[in-house]
Structures are given as C-alpha cells and as structure tokens.
Amino acid sequence: MPIIKFALAFCVLAGLSHSAFARELSKNERELCTWGAGIASTAQQYKLSGLTLYGARKKLQARHFAQQWMRMSALGITEQTYDSPSRLKPEGVRQVYYEGCTRHELARR
C-alpha cells in the first residue's frame, strides 16, 4: 500500500512540474512554423502536379522573401519535400510540418 501511495504522489508531482515548465510558443515561433509549413505545402503541391525540383527551385528564386535567410530555408524545405516519398495532400503536409516544428521549438528549450 505505501508503494502505491508513493507512486501516485510521484506521478502527481511529475505532472505538476511538467506543466510548470511547459509554456506556449512565442508569436515569432508560431509564425516561423506557419511560414515553413506553407513552404512545405507549396512544395508538395508542385511535386504532386509534376513540376520538377528544378522548376520548383526556379519559382522560389523568383519569389520575394522578407528576410535574407528565408530563401535558403525555403529551398531546403522544398528539397526535403521532393526527397520524401510522401504522396500526402498539401494540406496534410502543412499540418505535419507545423506539428513537427512546434514540437521541435518546445523541445529546444
């Protein structure tokens, strides 16, 4: 009986400490994940429509990006999307990317 009480107390304390450290993503982190998810979705749309990786890269090169780092990141996300055997619809890719990105941002802390 004391072992059960100890285990229960441990679980309750562990849950409380976890919730104390868990916090929401910042606005910038959410925007970053949303932006990356949009790039991945667009790349999947290009891939499923039959556009080659070369064609997708040309479209990205012609696009205007607000920050200098965004172009190289977009090219990397596009290349990873093309390398994936996934045939998910673009909206599914957007969701999967966003969820993975937010998990990564939370784990980074």
# chains A, B, ... in the order shown; residues from 1 in each chain; ligands from 1
>>> residues_around(residues="Ala56 of chain A", least_positions_apart="2", cutoff="12 Å", atoms="only C-alpha atoms", output="list in words")
Ile39, Ala40, Thr42, Ala43, Gln44, Gln45, Tyr46, Lys47, Leu48, Ser49, Gly50, Leu51, Thr52, Leu53, Tyr54, Lys58, Lys59, Leu60, Gln61, Ala62, Arg63, Ala74, Leu75, Gly76, Ile77, Thr78, Glu79, Thr81 and Tyr82 of chain A
>>> write_last_selection(atoms="C-alpha atoms", output="CSV table (one decimal), in the first residue's frame")
chain,number,residue,atom,x,y,z
A,39,ILE,CA,6.6,26.4,-48.0
A,40,ALA,CA,6.3,22.7,-47.4
A,42,THR,CA,3.5,24.6,-51.7
A,43,ALA,CA,6.4,22.3,-52.5
A,44,GLN,CA,4.2,19.3,-52.1
A,45,GLN,CA,1.6,20.9,-54.4
A,46,TYR,CA,4.4,21.4,-57.0
A,47,LYS,CA,5.6,17.8,-56.6
A,48,LEU,CA,2.2,16.3,-57.0
A,49,SER,CA,1.5,18.4,-60.0
A,50,GLY,CA,4.6,17.0,-61.8
A,51,LEU,CA,6.8,20.1,-61.6
A,52,THR,CA,10.4,19.1,-61.3
A,53,LEU,CA,12.6,20.1,-58.4
A,54,TYR,CA,14.5,22.3,-60.8
A,58,LYS,CA,13.3,28.4,-60.1
A,59,LYS,CA,9.8,29.5,-58.8
A,60,LEU,CA,11.3,30.0,-55.3
A,61,GLN,CA,14.2,32.0,-56.7
A,62,ALA,CA,11.8,34.4,-58.4
A,63,ARG,CA,9.8,34.9,-55.2
A,74,ALA,CA,12.7,27.6,-48.4
A,75,LEU,CA,15.0,25.9,-50.8
A,76,GLY,CA,16.0,23.4,-48.1
A,77,ILE,CA,12.4,22.7,-47.2
A,78,THR,CA,11.5,22.2,-50.8
A,79,GLU,CA,14.3,19.8,-51.4
A,81,THR,CA,9.8,17.7,-49.6
A,82,TYR,CA,10.8,16.4,-53.0
>>> residues_around(residues="Glu29 of chain A", least_positions_apart="2", cutoff="12 Å", atoms="only C-alpha atoms", output="JSON, numbers by chain")
{"A": [24, 25, 26, 27, 31, 32, 33, 34, 35, 36, 98, 101, 102, 103, 104, 105, 106, 108]}
>>> atom_distance(atom1="atom CA of Gly38 of chain A", atom2="atom CA of Arg94 of chain A")
6.1 Å
>>> atom_distance(atom1="atom CA of Trp69 of chain A", atom2="atom CA of Ala37 of chain A")
15.9 Å
>>> atom_distance(atom1="atom CA of Val93 of chain A", atom2="atom CA of Ser41 of chain A")
5.6 Å
>>> select_by_dssp(residues="segment 24-92 of chain A", states="alpha helix (DSSP H)", output="number ranges by chain")
A: 27-49, 53-62, 68-83, 90-92
